[in-house]
>>> print(open('structure21.cif').read())   # mmCIF, C-alpha atoms
data_upload
#
loop_
_atom_site.group_PDB
_atom_site.id
_atom_site.type_symbol
_atom_site.label_atom_id
_atom_site.label_comp_id
_atom_site.auth_asym_id
_atom_site.auth_seq_id
_atom_site.Cartn_x
_atom_site.Cartn_y
_atom_site.Cartn_z
ATOM 1 C CA MET A 79 33.738 45.031 -40.986
ATOM 2 C CA SER A 80 33.450 48.435 -39.302
ATOM 3 C CA ASP A 81 36.955 47.896 -37.901
ATOM 4 C CA GLN A 82 38.296 48.043 -41.443
ATOM 5 C CA SER A 83 36.286 51.104 -42.490
ATOM 6 C CA PRO A 84 38.345 54.206 -43.211
ATOM 7 C CA PHE A 85 35.221 56.355 -42.692
ATOM 8 C CA ALA A 86 34.097 58.080 -39.506
ATOM 9 C CA ALA A 87 30.793 56.961 -37.989
ATOM 10 C CA PRO A 88 27.704 58.847 -39.253
ATOM 11 C CA GLY A 89 26.840 61.944 -37.228
ATOM 12 C CA ASN A 90 23.433 63.410 -36.502
ATOM 13 C CA GLU A 91 20.894 64.254 -39.210
ATOM 14 C CA ALA A 92 22.253 67.776 -39.826
ATOM 15 C CA GLU A 93 25.830 66.509 -40.121
ATOM 16 C CA LEU A 94 24.795 63.698 -42.475
ATOM 17 C CA GLU A 95 22.679 65.937 -44.699
ATOM 18 C CA GLU A 96 24.510 69.266 -44.698
ATOM 19 C CA GLY A 97 28.082 68.278 -43.855
ATOM 20 C CA THR A 98 31.097 67.885 -46.113
ATOM 21 C CA ALA A 99 32.412 64.720 -44.432
ATOM 22 C CA LEU A 100 31.791 61.400 -46.165
ATOM 23 C CA THR A 101 30.381 59.190 -43.405
ATOM 24 C CA PRO A 102 28.415 56.457 -45.209
ATOM 25 C CA LYS A 103 25.508 54.998 -43.248
ATOM 26 C CA PHE A 104 26.139 51.289 -43.752
ATOM 27 C CA ASP A 105 23.257 48.930 -42.953
ATOM 28 C CA ALA A 106 23.329 45.964 -40.567
ATOM 29 C CA ASP A 107 25.245 44.002 -43.213
ATOM 30 C CA GLY A 108 27.788 46.807 -43.633
ATOM 31 C CA LEU A 109 26.460 47.856 -47.042
ATOM 32 C CA VAL A 110 25.143 50.898 -48.909
ATOM 33 C CA THR A 111 23.123 50.734 -52.135
ATOM 34 C CA CYS A 112 24.809 51.864 -55.343
ATOM 35 C CA VAL A 113 23.158 52.917 -58.607
ATOM 36 C CA ALA A 114 25.314 53.071 -61.724
ATOM 37 C CA THR A 115 24.064 55.145 -64.645
ATOM 38 C CA ASP A 116 25.498 55.595 -68.123
ATOM 39 C CA ALA A 117 27.292 58.961 -68.060
ATOM 40 C CA LYS A 118 26.230 59.666 -71.667
ATOM 41 C CA THR A 119 22.612 58.470 -71.830
ATOM 42 C CA GLY A 120 21.516 58.700 -68.179
ATOM 43 C CA ASP A 121 20.155 55.142 -68.354
ATOM 44 C CA VAL A 122 20.316 53.151 -65.145
ATOM 45 C CA LEU A 123 22.738 50.300 -65.845
ATOM 46 C CA MET A 124 22.607 48.376 -62.561
ATOM 47 C CA VAL A 125 21.892 48.497 -58.836
ATOM 48 C CA ALA A 126 24.385 46.822 -56.510
ATOM 49 C CA HIS A 127 25.919 47.156 -53.064
ATOM 50 C CA MET A 128 29.169 48.484 -51.612
ATOM 51 C CA ASN A 129 30.868 47.804 -48.295
ATOM 52 C CA ALA A 130 33.339 50.298 -46.816
ATOM 53 C CA GLU A 131 36.233 48.772 -48.726
ATOM 54 C CA ALA A 132 34.348 48.969 -52.041
ATOM 55 C CA VAL A 133 33.498 52.644 -51.406
ATOM 56 C CA ALA A 134 37.132 53.403 -50.536
ATOM 57 C CA LYS A 135 38.552 51.514 -53.538
ATOM 58 C CA THR A 136 36.090 53.200 -55.917
ATOM 59 C CA ILE A 137 37.147 56.635 -54.622
ATOM 60 C CA ALA A 138 40.851 55.788 -54.738
ATOM 61 C CA THR A 139 40.903 54.171 -58.184
ATOM 62 C CA GLY A 140 38.067 55.866 -60.096
ATOM 63 C CA GLU A 141 36.832 52.401 -61.125
ATOM 64 C CA ALA A 142 33.649 50.802 -59.740
ATOM 65 C CA TRP A 143 34.071 48.236 -56.961
ATOM 66 C CA TYR A 144 31.127 46.462 -55.316
ATOM 67 C CA PHE A 145 30.413 43.872 -52.669
ATOM 68 C CA SER A 146 28.631 40.717 -53.762
ATOM 69 C CA ARG A 147 25.991 39.703 -51.224
ATOM 70 C CA SER A 148 25.692 36.187 -52.676
ATOM 71 C CA ARG A 149 29.448 35.550 -52.814
ATOM 72 C CA ARG A 150 30.231 37.624 -49.674
ATOM 73 C CA ALA A 151 33.203 39.099 -51.511
ATOM 74 C CA LEU A 152 34.622 42.386 -52.717
ATOM 75 C CA TRP A 153 34.312 42.558 -56.471
ATOM 76 C CA LYS A 154 35.769 44.824 -59.122
ATOM 77 C CA LYS A 155 33.149 45.316 -61.827
ATOM 78 C CA GLY A 156 34.467 43.652 -64.964
ATOM 79 C CA GLU A 157 37.196 41.623 -63.275
ATOM 80 C CA SER A 158 35.940 38.456 -65.012
ATOM 81 C CA SER A 159 34.276 39.862 -68.118
ATOM 82 C CA GLY A 160 36.450 42.898 -68.831
ATOM 83 C CA HIS A 161 33.286 45.015 -68.686
ATOM 84 C CA THR A 162 34.692 47.616 -66.313
ATOM 85 C CA GLN A 163 33.122 50.905 -65.246
ATOM 86 C CA ARG A 164 35.227 54.087 -65.225
ATOM 87 C CA VAL A 165 33.630 56.504 -62.769
ATOM 88 C CA VAL A 166 32.986 59.937 -64.291
ATOM 89 C CA GLU A 167 31.269 61.281 -61.176
ATOM 90 C CA MET A 168 30.374 59.847 -57.770
ATOM 91 C CA ARG A 169 27.567 61.245 -55.626
ATOM 92 C CA ILE A 170 26.174 60.447 -52.184
ATOM 93 C CA ASP A 171 22.572 60.972 -51.106
ATOM 94 C CA CYS A 172 21.088 63.071 -48.305
ATOM 95 C CA ASP A 173 21.329 60.464 -45.539
ATOM 96 C CA GLN A 174 24.483 58.881 -46.996
ATOM 97 C CA ASP A 175 23.105 55.370 -47.436
ATOM 98 C CA ALA A 176 23.086 55.392 -51.234
ATOM 99 C CA VAL A 177 25.742 56.111 -53.863
ATOM 100 C CA TRP A 178 25.232 57.191 -57.474
ATOM 101 C CA LEU A 179 27.992 56.496 -59.980
ATOM 102 C CA LYS A 180 27.940 58.050 -63.451
ATOM 103 C CA VAL A 181 30.115 55.659 -65.405
ATOM 104 C CA GLU A 182 31.673 54.916 -68.762
ATOM 105 C CA GLN A 183 30.600 51.313 -69.180
ATOM 106 C CA GLN A 184 32.765 48.940 -71.204
ATOM 107 C CA VAL A 185 30.526 46.791 -73.490
ATOM 108 C CA ALA A 186 27.646 46.050 -71.072
ATOM 109 C CA ALA A 187 26.729 46.060 -67.391
ATOM 110 C CA CYS A 188 24.399 43.070 -67.207
ATOM 111 C CA HIS A 189 25.585 39.491 -66.864
ATOM 112 C CA THR A 190 22.766 38.427 -69.237
ATOM 113 C CA GLY A 191 24.525 40.239 -72.083
ATOM 114 C CA ARG A 192 22.412 43.399 -72.182
ATOM 115 C CA ARG A 193 23.892 46.869 -71.735
ATOM 116 C CA SER A 194 21.589 47.565 -68.750
ATOM 117 C CA CYS A 195 20.118 45.168 -66.190
ATOM 118 C CA PHE A 196 16.815 47.015 -66.638
ATOM 119 C CA TYR A 197 15.962 45.550 -70.056
ATOM 120 C CA ARG A 198 12.276 44.911 -69.307
ATOM 121 C CA SER A 199 9.519 47.459 -68.764
ATOM 122 C CA VAL A 200 6.409 47.000 -66.647
ATOM 123 C CA PRO A 201 3.213 48.211 -68.373
ATOM 124 C CA LEU A 202 1.254 50.614 -66.171
ATOM 125 C CA GLY A 203 -2.434 51.053 -65.422
ATOM 126 C CA GLN A 204 -3.325 47.464 -64.734
ATOM 127 C CA ASN A 205 -3.422 44.763 -62.094
ATOM 128 C CA GLY A 206 0.151 43.927 -61.082
ATOM 129 C CA SER A 207 -0.373 40.181 -61.106
ATOM 130 C CA ALA A 208 -1.545 40.283 -64.740
ATOM 131 C CA VAL A 209 1.383 42.334 -66.027
ATOM 132 C CA LYS A 210 3.341 41.042 -69.010
ATOM 133 C CA LEU A 211 6.892 42.414 -69.072
ATOM 134 C CA GLU A 212 8.120 43.942 -72.338
ATOM 135 C CA PHE A 213 11.685 43.392 -73.538
ATOM 136 C CA HIS A 214 13.688 46.349 -74.853
ATOM 137 C CA ASP A 215 17.419 45.700 -75.082
ATOM 138 C CA GLU A 216 19.108 43.169 -77.322
ATOM 139 C CA ARG A 217 22.126 41.270 -76.077
ATOM 140 C CA VAL A 218 25.420 42.950 -76.970
ATOM 141 C CA PHE A 219 27.578 40.017 -75.894
ATOM 142 C CA ASP A 220 27.208 36.278 -75.370
ATOM 143 C CA PRO A 221 27.200 35.665 -71.613
ATOM 144 C CA LYS A 222 28.311 32.040 -72.065
ATOM 145 C CA ALA A 223 31.474 33.193 -73.834
ATOM 146 C CA ALA A 224 32.195 36.176 -71.577
ATOM 147 C CA TYR A 225 32.091 34.228 -68.353
ATOM 148 C CA ARG A 226 33.694 31.009 -69.619
ATOM 149 C CA PRO A 227 36.615 30.032 -67.356
ATOM 150 C CA LYS A 228 39.928 31.046 -68.920
ATOM 151 C CA ALA A 229 41.921 28.095 -70.286
ATOM 152 C CA MET B 16 3.403 40.476 -45.975
ATOM 153 C CA SER B 17 3.736 37.792 -48.654
ATOM 154 C CA ASP B 18 0.124 36.807 -47.971
ATOM 155 C CA GLN B 19 -0.965 40.184 -49.311
ATOM 156 C CA SER B 20 1.285 40.126 -52.374
ATOM 157 C CA PRO B 21 -0.541 39.939 -55.696
ATOM 158 C CA PHE B 22 2.629 38.603 -57.332
ATOM 159 C CA ALA B 23 3.608 34.983 -57.895
ATOM 160 C CA ALA B 24 6.722 33.722 -56.115
ATOM 161 C CA PRO B 25 9.981 34.145 -58.062
ATOM 162 C CA GLY B 26 10.865 31.189 -60.282
ATOM 163 C CA ASN B 27 14.288 29.869 -61.198
ATOM 164 C CA GLU B 28 17.061 32.022 -62.658
ATOM 165 C CA ALA B 29 15.966 31.566 -66.271
ATOM 166 C CA GLU B 30 12.343 32.427 -65.445
ATOM 167 C CA LEU B 31 13.399 35.506 -63.442
ATOM 168 C CA GLU B 32 15.766 36.797 -66.109
ATOM 169 C CA GLU B 33 14.133 35.826 -69.379
ATOM 170 C CA GLY B 34 10.472 35.545 -68.450
ATOM 171 C CA THR B 35 7.610 37.965 -69.024
ATOM 172 C CA ALA B 36 6.002 37.441 -65.582
ATOM 173 C CA LEU B 37 6.569 40.111 -62.957
ATOM 174 C CA THR B 38 7.653 38.109 -59.888
ATOM 175 C CA PRO B 39 9.612 40.580 -57.705
ATOM 176 C CA LYS B 40 12.275 39.015 -55.510
ATOM 177 C CA PHE B 41 11.480 40.709 -52.198
ATOM 178 C CA ASP B 42 14.180 40.559 -49.515
ATOM 179 C CA ALA B 43 13.772 39.248 -45.957
ATOM 180 C CA ASP B 44 11.943 42.479 -45.056
ATOM 181 C CA GLY B 45 9.579 42.117 -48.031
ATOM 182 C CA LEU B 46 11.217 44.940 -49.999
ATOM 183 C CA VAL B 47 12.824 45.674 -53.363
ATOM 184 C CA THR B 48 15.073 48.662 -54.076
ATOM 185 C CA CYS B 49 13.680 51.433 -56.276
ATOM 186 C CA VAL B 50 15.625 54.107 -58.170
ATOM 187 C CA ALA B 51 13.713 57.138 -59.450
ATOM 188 C CA THR B 52 15.288 59.173 -62.239
ATOM 189 C CA ASP B 53 14.148 62.400 -63.861
ATOM 190 C CA ALA B 54 12.540 61.358 -67.155
ATOM 191 C CA LYS B 55 13.890 64.495 -68.888
ATOM 192 C CA THR B 56 17.460 64.847 -67.536
ATOM 193 C CA GLY B 57 18.282 61.249 -66.528
ATOM 194 C CA ASP B 58 19.464 62.475 -63.115
ATOM 195 C CA VAL B 59 18.949 60.076 -60.228
ATOM 196 C CA LEU B 60 16.443 61.773 -57.927
ATOM 197 C CA MET B 61 16.225 59.270 -55.075
ATOM 198 C CA VAL B 62 16.670 55.674 -53.973
ATOM 199 C CA ALA B 63 13.923 54.141 -51.840
ATOM 200 C CA HIS B 64 12.164 50.840 -51.185
ATOM 201 C CA MET B 65 8.899 49.214 -52.232
ATOM 202 C CA ASN B 66 6.934 46.375 -50.675
ATOM 203 C CA ALA B 67 4.490 44.322 -52.748
ATOM 204 C CA GLU B 68 1.661 46.780 -52.117
ATOM 205 C CA ALA B 69 3.803 49.756 -53.202
ATOM 206 C CA VAL B 70 4.791 47.947 -56.420
ATOM 207 C CA ALA B 71 1.153 47.065 -57.129
ATOM 208 C CA LYS B 72 -0.125 50.591 -56.404
ATOM 209 C CA THR B 73 2.581 52.174 -58.564
ATOM 210 C CA ILE B 74 1.620 49.917 -61.478
ATOM 211 C CA ALA B 75 -2.111 50.498 -60.994
ATOM 212 C CA THR B 76 -1.998 54.289 -60.538
ATOM 213 C CA GLY B 77 1.062 55.394 -62.532
ATOM 214 C CA GLU B 78 2.179 57.417 -59.487
ATOM 215 C CA ALA B 79 5.148 56.434 -57.304
ATOM 216 C CA TRP B 80 4.404 54.638 -54.027
ATOM 217 C CA TYR B 81 7.114 53.482 -51.633
ATOM 218 C CA PHE B 82 7.482 51.736 -48.290
ATOM 219 C CA SER B 83 9.191 53.688 -45.515
ATOM 220 C CA ARG B 84 11.562 51.447 -43.561
ATOM 221 C CA SER B 85 11.784 53.931 -40.669
ATOM 222 C CA ARG B 86 8.023 54.460 -40.375
ATOM 223 C CA ARG B 87 7.135 50.876 -41.428
ATOM 224 C CA ALA B 88 4.397 52.302 -43.624
ATOM 225 C CA LEU B 89 3.214 52.487 -47.209
ATOM 226 C CA TRP B 90 3.842 55.981 -48.517
ATOM 227 C CA LYS B 91 2.687 57.846 -51.604
ATOM 228 C CA LYS B 92 5.520 60.118 -52.730
ATOM 229 C CA GLY B 93 4.336 63.696 -52.243
ATOM 230 C CA GLU B 94 1.397 62.869 -49.978
ATOM 231 C CA SER B 95 2.628 65.475 -47.429
ATOM 232 C CA SER B 96 4.584 67.875 -49.621
ATOM 233 C CA GLY B 97 2.634 67.691 -52.879
ATOM 234 C CA HIS B 98 5.878 66.722 -54.612
ATOM 235 C CA THR B 99 4.448 63.723 -56.421
ATOM 236 C CA GLN B 100 6.089 61.574 -59.095
ATOM 237 C CA ARG B 101 4.179 60.653 -62.249
ATOM 238 C CA VAL B 102 5.707 57.479 -63.649
ATOM 239 C CA VAL B 103 6.643 57.791 -67.321
ATOM 240 C CA GLU B 104 8.194 54.328 -67.480
ATOM 241 C CA MET B 105 8.766 51.502 -65.006
ATOM 242 C CA ARG B 106 11.471 48.883 -65.453
ATOM 243 C CA ILE B 107 12.566 45.808 -63.507
ATOM 244 C CA ASP B 108 16.103 44.424 -63.407
ATOM 245 C CA CYS B 109 17.478 41.037 -64.401
ATOM 246 C CA ASP B 110 16.912 39.245 -61.090
ATOM 247 C CA GLN B 111 13.770 41.282 -60.270
ATOM 248 C CA ASP B 112 14.976 42.752 -56.985
ATOM 249 C CA ALA B 113 15.286 46.353 -58.201
ATOM 250 C CA VAL B 114 12.865 48.742 -59.910
ATOM 251 C CA TRP B 115 13.723 51.793 -62.022
ATOM 252 C CA LEU B 116 11.105 54.531 -62.346
ATOM 253 C CA LYS B 117 11.512 57.324 -64.898
ATOM 254 C CA VAL B 118 9.348 60.057 -63.415
ATOM 255 C CA GLU B 119 8.015 63.550 -63.879
ATOM 256 C CA GLN B 120 8.939 65.038 -60.510
ATOM 257 C CA GLN B 121 6.806 67.835 -59.076
ATOM 258 C CA VAL B 122 9.085 70.550 -57.577
ATOM 259 C CA ALA B 123 11.726 68.355 -55.909
ATOM 260 C CA ALA B 124 12.346 64.803 -54.707
ATOM 261 C CA CYS B 125 14.507 65.455 -51.646
ATOM 262 C CA HIS B 126 13.112 66.325 -48.227
ATOM 263 C CA THR B 127 16.031 68.762 -47.760
ATOM 264 C CA GLY B 128 14.615 70.980 -50.496
ATOM 265 C CA ARG B 129 16.889 69.951 -53.361
ATOM 266 C CA ARG B 130 15.561 68.499 -56.605
ATOM 267 C CA SER B 131 17.666 65.333 -56.150
ATOM 268 C CA CYS B 132 18.799 63.590 -52.969
ATOM 269 C CA PHE B 133 22.229 63.261 -54.627
ATOM 270 C CA TYR B 134 23.260 66.921 -54.242
ATOM 271 C CA ARG B 135 26.842 66.215 -53.130
ATOM 272 C CA SER B 136 29.681 64.740 -55.158
ATOM 273 C CA VAL B 137 32.587 62.704 -53.842
ATOM 274 C CA PRO B 138 35.964 63.781 -55.280
ATOM 275 C CA LEU B 139 37.887 60.835 -56.722
ATOM 276 C CA GLY B 140 41.532 59.788 -56.637
ATOM 277 C CA GLN B 141 42.185 60.232 -52.952
ATOM 278 C CA ASN B 142 41.948 58.577 -49.554
ATOM 279 C CA GLY B 143 38.262 58.066 -48.699
ATOM 280 C CA SER B 144 38.585 59.260 -45.134
ATOM 281 C CA ALA B 145 40.021 62.618 -46.278
ATOM 282 C CA VAL B 146 37.299 63.323 -48.845
ATOM 283 C CA LYS B 147 35.508 66.683 -48.708
ATOM 284 C CA LEU B 148 32.053 66.488 -50.296
ATOM 285 C CA GLU B 149 31.162 69.172 -52.860
ATOM 286 C CA PHE B 150 27.656 70.672 -52.980
ATOM 287 C CA HIS B 151 25.932 71.081 -56.356
ATOM 288 C CA ASP B 152 22.186 71.691 -56.099
ATOM 289 C CA GLU B 153 20.539 74.700 -54.532
ATOM 290 C CA ARG B 154 17.356 74.302 -52.552
ATOM 291 C CA VAL B 155 14.220 74.787 -54.667
ATOM 292 C CA PHE B 156 11.834 74.809 -51.699
ATOM 293 C CA ASP B 157 11.984 75.471 -47.979
ATOM 294 C CA PRO B 158 11.661 72.104 -46.224
ATOM 295 C CA LYS B 159 10.393 73.750 -43.026
ATOM 296 C CA ALA B 160 7.451 75.234 -44.903
ATOM 297 C CA ALA B 161 6.721 72.209 -47.083
ATOM 298 C CA TYR B 162 6.459 69.742 -44.206
ATOM 299 C CA ARG B 163 4.794 72.074 -41.679
ATOM 300 C CA PRO B 164 1.626 70.462 -40.323
ATOM 301 C CA LYS B 165 -1.433 71.816 -42.103
ATOM 302 C CA ALA B 166 -3.470 74.248 -39.985
#
>>> encode(input="structure21.cif", output="structure tokens")
Amino acid sequence: MSDQSPFAAPGNEAELEEGTALTPKFDADGLVTCVATDAKTGDVLMVAHMNAEAVAKTIATGEAWYFSRSRRALWKKGESSGHTQRVVEMRIDCDQDAVWLKVEQQVAACHTGRRSCFYRSVPLGQNGSAVKLEFHDERVFDPKAAYRPKA
Amino acid sequence: MSDQSPFAAPGNEAELEEGTALTPKFDADGLVTCVATDAKTGDVLMVAHMNAEAVAKTIATGEAWYFSRSRRALWKKGESSGHTQRVVEMRIDCDQDAVWLKVEQQVAACHTGRRSCFYRSVPLGQNGSAVKLEFHDERVFDPKAAYRPKA
């Protein structure tokens, strides 16, 4: 995978943290973590992963591309559902192993039909094993219809 | 590590996504990804990891605890620097392998002295290898002073 990466290898700590070169620190699987937030509300929409090709395609096109760990495949967000993400701003973190995308989300980010994947809150101040999750977001689309194979 | 987890094992897809039980889907290293955002501005402050104990302690105390992959150790955010994170709201994602904390951040989240770890943007619409990162956030503390060993 590193053979296909257009990015230089990460340098030392000072170069990674204070440099102007984008040298993502991919993990053993060739991935960095990516957080997508709603550019208007600041809500976290989803957390996913990018390989070098997904990072490069996102930069080149201004649309969010990811790498699916379960399908082992490059993936344009919304390629099946139409629920694409236009990138308003892309940021990289101090040690260059995480990406933050501020996006304009079409319809919804979550495959369950909610706008955000983070539709349940965890009540605080109690024993973790006894926690009862609280639902917040209603579905904005029917996942069965959105992901139905095209005729 | 799973022996010490207070959480039940993840169920099937429907239970994970539509259930009210918190059953985090820890990866092979016993970790979930955690995104901390500023509860006031919505800015992403940092991305880190939590093991079962960090998740449980965060829920119990309402302060952010993480697991350091490099130090292989449980870690209370701010335990050295004083830059703690009070959790305003905690959320879990659809497949329960990522946590979102909305926090009140003391001083700054990043060890480099910036409020957010994501202090550099990646210009879009060009070849990834030619990208020149743009700096946004000024330092709000001197990292050399904040992490100096106490006398």
>>> closest_residue(input="structure21.cif", among="B:Val59, B:Val146, B:Ala67, B:Ala29", to="Asp112 (chain B)", atoms="only C-alpha atoms")
B:Ala67
>>> residues_around(input="structure21.cif", residues="Gln183 (chain A)", least_positions_apart="2", cutoff="12 Å", atoms="only C-alpha atoms", output="PDB file with C-alpha atoms, in the frame of the given file")
ATOM      1  CA  ALA A 114      25.314  53.071 -61.724  1.00  0.00           C
ATOM      2  CA  THR A 115      24.064  55.145 -64.645  1.00  0.00           C
ATOM      3  CA  ASP A 116      25.498  55.595 -68.123  1.00  0.00           C
ATOM      4  CA  ALA A 117      27.292  58.961 -68.060  1.00  0.00           C
ATOM      5  CA  LYS A 118      26.230  59.666 -71.667  1.00  0.00           C
ATOM      6  CA  THR A 119      22.612  58.470 -71.830  1.00  0.00           C
ATOM      7  CA  GLY A 120      21.516  58.700 -68.179  1.00  0.00           C
ATOM      8  CA  ASP A 121      20.155  55.142 -68.354  1.00  0.00           C
ATOM      9  CA  VAL A 122      20.316  53.151 -65.145  1.00  0.00           C
ATOM     10  CA  LEU A 123      22.738  50.300 -65.845  1.00  0.00           C
ATOM     11  CA  MET A 124      22.607  48.376 -62.561  1.00  0.00           C
ATOM     12  CA  GLU A 141      36.832  52.401 -61.125  1.00  0.00           C
ATOM     13  CA  ALA A 142      33.649  50.802 -59.740  1.00  0.00           C
ATOM     14  CA  LYS A 155      33.149  45.316 -61.827  1.00  0.00           C
ATOM     15  CA  GLY A 156      34.467  43.652 -64.964  1.00  0.00           C
ATOM     16  CA  GLY A 160      36.450  42.898 -68.831  1.00  0.00           C
ATOM     17  CA  HIS A 161      33.286  45.015 -68.686  1.00  0.00           C
ATOM     18  CA  THR A 162      34.692  47.616 -66.313  1.00  0.00           C
ATOM     19  CA  GLN A 163      33.122  50.905 -65.246  1.00  0.00           C
ATOM     20  CA  ARG A 164      35.227  54.087 -65.225  1.00  0.00           C
ATOM     21  CA  VAL A 165      33.630  56.504 -62.769  1.00  0.00           C
ATOM     22  CA  VAL A 166      32.986  59.937 -64.291  1.00  0.00           C
ATOM     23  CA  LEU A 179      27.992  56.496 -59.980  1.00  0.00           C
ATOM     24  CA  LYS A 180      27.940  58.050 -63.451  1.00  0.00           C
ATOM     25  CA  VAL A 181      30.115  55.659 -65.405  1.00  0.00           C
ATOM     26  CA  VAL A 185      30.526  46.791 -73.490  1.00  0.00           C
ATOM     27  CA  ALA A 186      27.646  46.050 -71.072  1.00  0.00           C
ATOM     28  CA  ALA A 187      26.729  46.060 -67.391  1.00  0.00           C
ATOM     29  CA  CYS A 188      24.399  43.070 -67.207  1.00  0.00           C
ATOM     30  CA  ARG A 192      22.412  43.399 -72.182  1.00  0.00           C
ATOM     31  CA  ARG A 193      23.892  46.869 -71.735  1.00  0.00           C
ATOM     32  CA  SER A 194      21.589  47.565 -68.750  1.00  0.00           C
TER      33      SER A 194
END
>>> residues_around(input="structure21.cif", residues="Ser207 (chain A)", least_positions_apart="3", cutoff="9 Å", atoms="only C-alpha atoms", output="list in words")
Gln204 and Lys210 of chain A; Ser20, Pro21, Phe22, Ala23, Ala36, Leu37, Thr38 and Ala71 of chain B
>>> residues_around(input="structure21.cif", residues="Arg198 (chain A)", least_positions_apart="5", cutoff="10 Å", atoms="all atoms listed in the file", output="PyMOL selection string")
(chain A and resi 210-215) or (chain B and resi 32-35+37+105-109+111)
>>> resolve_selection(input="structure21.cif", expression="the PyMOL selection byres ((chain B and resi 69) around 8)", output="compact mmCIF listing (two decimals) with C-alpha atoms, in the coordinates of the input")
# COMPACT_ATOMS: atom_id res chain seq x y z
CA MET B 65 8.90 49.21 -52.23
CA ASN B 66 6.93 46.38 -50.68
CA ALA B 67 4.49 44.32 -52.75
CA GLU B 68 1.66 46.78 -52.12
CA VAL B 70 4.79 47.95 -56.42
CA ALA B 71 1.15 47.06 -57.13
CA LYS B 72 -0.12 50.59 -56.40
CA THR B 73 2.58 52.17 -58.56
CA ALA B 79 5.15 56.43 -57.30
CA TRP B 80 4.40 54.64 -54.03
CA TYR B 81 7.11 53.48 -51.63
CA PHE B 82 7.48 51.74 -48.29
CA LEU B 89 3.21 52.49 -47.21
CA TRP B 90 3.84 55.98 -48.52
>>> closest_residue(input="structure21.cif", among="A:Glu216, A:Asp173, A:Glu93, A:Asp107", to="chain B", atoms="all atoms listed in the file")
A:Asp173
>>> atom_distance(input="structure21.cif", atom1="CA of Lys40 (chain B)", atom2="CA of Val125 (chain A)")
13.9 Å
>>> atom_distance(input="structure21.cif", atom1="CA of Ala145 (chain B)", atom2="CA of Ala106 (chain A)")
24.3 Å
>>> resolve_selection(input="structure21.cif", expression="the PyMOL selection byres ((chain A and resi 111) around 9)", output="PDB file with C-alpha atoms, keeping the file's coordinate frame")
ATOM      1  CA  PHE A 104      26.139  51.289 -43.752  1.00  0.00           C
ATOM      2  CA  LEU A 109      26.460  47.856 -47.042  1.00  0.00           C
ATOM      3  CA  VAL A 110      25.143  50.898 -48.909  1.00  0.00           C
ATOM      4  CA  CYS A 112      24.809  51.864 -55.343  1.00  0.00           C
ATOM      5  CA  VAL A 113      23.158  52.917 -58.607  1.00  0.00           C
ATOM      6  CA  VAL A 125      21.892  48.497 -58.836  1.00  0.00           C
ATOM      7  CA  ALA A 126      24.385  46.822 -56.510  1.00  0.00           C
ATOM      8  CA  HIS A 127      25.919  47.156 -53.064  1.00  0.00           C
ATOM      9  CA  MET A 128      29.169  48.484 -51.612  1.00  0.00           C
ATOM     10  CA  ASP A 175      23.105  55.370 -47.436  1.00  0.00           C
ATOM     11  CA  ALA A 176      23.086  55.392 -51.234  1.00  0.00           C
ATOM     12  CA  VAL A 177      25.742  56.111 -53.863  1.00  0.00           C
ATOM     13  CA  TRP A 178      25.232  57.191 -57.474  1.00  0.00           C
TER      14      TRP A 178
ATOM     15  CA  THR B  48      15.073  48.662 -54.076  1.00  0.00           C
ATOM     16  CA  VAL B  62      16.670  55.674 -53.973  1.00  0.00           C
TER      17      VAL B  62
END
>>> atom_distance(input="structure21.cif", atom1="CA of Ser158 (chain A)", atom2="CA of Ile137 (chain A)")
21.0 Å
>>> build_atoms(input="structure21.cif", residues="region 62-71 of chain B", atoms="N, CA and C atoms", output="PDB file, in the coordinates of the input")
ATOM      1  N   VAL B  62      16.710  57.132 -54.097  1.00  0.00           N
ATOM      2  CA  VAL B  62      16.670  55.674 -53.973  1.00  0.00           C
ATOM      3  C   VAL B  62      15.794  55.364 -52.766  1.00  0.00           C
ATOM      4  N   ALA B  63      14.825  54.480 -52.940  1.00  0.00           N
ATOM      5  CA  ALA B  63      13.923  54.141 -51.840  1.00  0.00           C
ATOM      6  C   ALA B  63      13.544  52.668 -51.956  1.00  0.00           C
ATOM      7  N   HIS B  64      12.557  52.246 -51.188  1.00  0.00           N
ATOM      8  CA  HIS B  64      12.164  50.840 -51.185  1.00  0.00           C
ATOM      9  C   HIS B  64      10.675  50.690 -51.442  1.00  0.00           C
ATOM     10  N   MET B  65      10.300  49.526 -51.973  1.00  0.00           N
ATOM     11  CA  MET B  65       8.899  49.214 -52.232  1.00  0.00           C
ATOM     12  C   MET B  65       8.591  47.838 -51.651  1.00  0.00           C
ATOM     13  N   ASN B  66       7.437  47.712 -50.984  1.00  0.00           N
ATOM     14  CA  ASN B  66       6.934  46.375 -50.675  1.00  0.00           C
ATOM     15  C   ASN B  66       5.951  45.981 -51.795  1.00  0.00           C
ATOM     16  N   ALA B  67       5.354  44.813 -51.670  1.00  0.00           N
ATOM     17  CA  ALA B  67       4.490  44.322 -52.748  1.00  0.00           C
ATOM     18  C   ALA B  67       3.336  45.297 -53.015  1.00  0.00           C
ATOM     19  N   GLU B  68       2.784  45.865 -51.946  1.00  0.00           N
ATOM     20  CA  GLU B  68       1.661  46.780 -52.117  1.00  0.00           C
ATOM     21  C   GLU B  68       2.106  48.058 -52.849  1.00  0.00           C
ATOM     22  N   ALA B  69       3.292  48.557 -52.528  1.00  0.00           N
ATOM     23  CA  ALA B  69       3.803  49.756 -53.202  1.00  0.00           C
ATOM     24  C   ALA B  69       4.040  49.484 -54.687  1.00  0.00           C
ATOM     25  N   VAL B  70       4.590  48.308 -55.009  1.00  0.00           N
ATOM     26  CA  VAL B  70       4.791  47.947 -56.420  1.00  0.00           C
ATOM     27  C   VAL B  70       3.440  47.895 -57.131  1.00  0.00           C
ATOM     28  N   ALA B  71       2.471  47.227 -56.508  1.00  0.00           N
ATOM     29  CA  ALA B  71       1.153  47.065 -57.129  1.00  0.00           C
ATOM     30  C   ALA B  71       0.453  48.414 -57.315  1.00  0.00           C
TER      31      ALA B  71
END
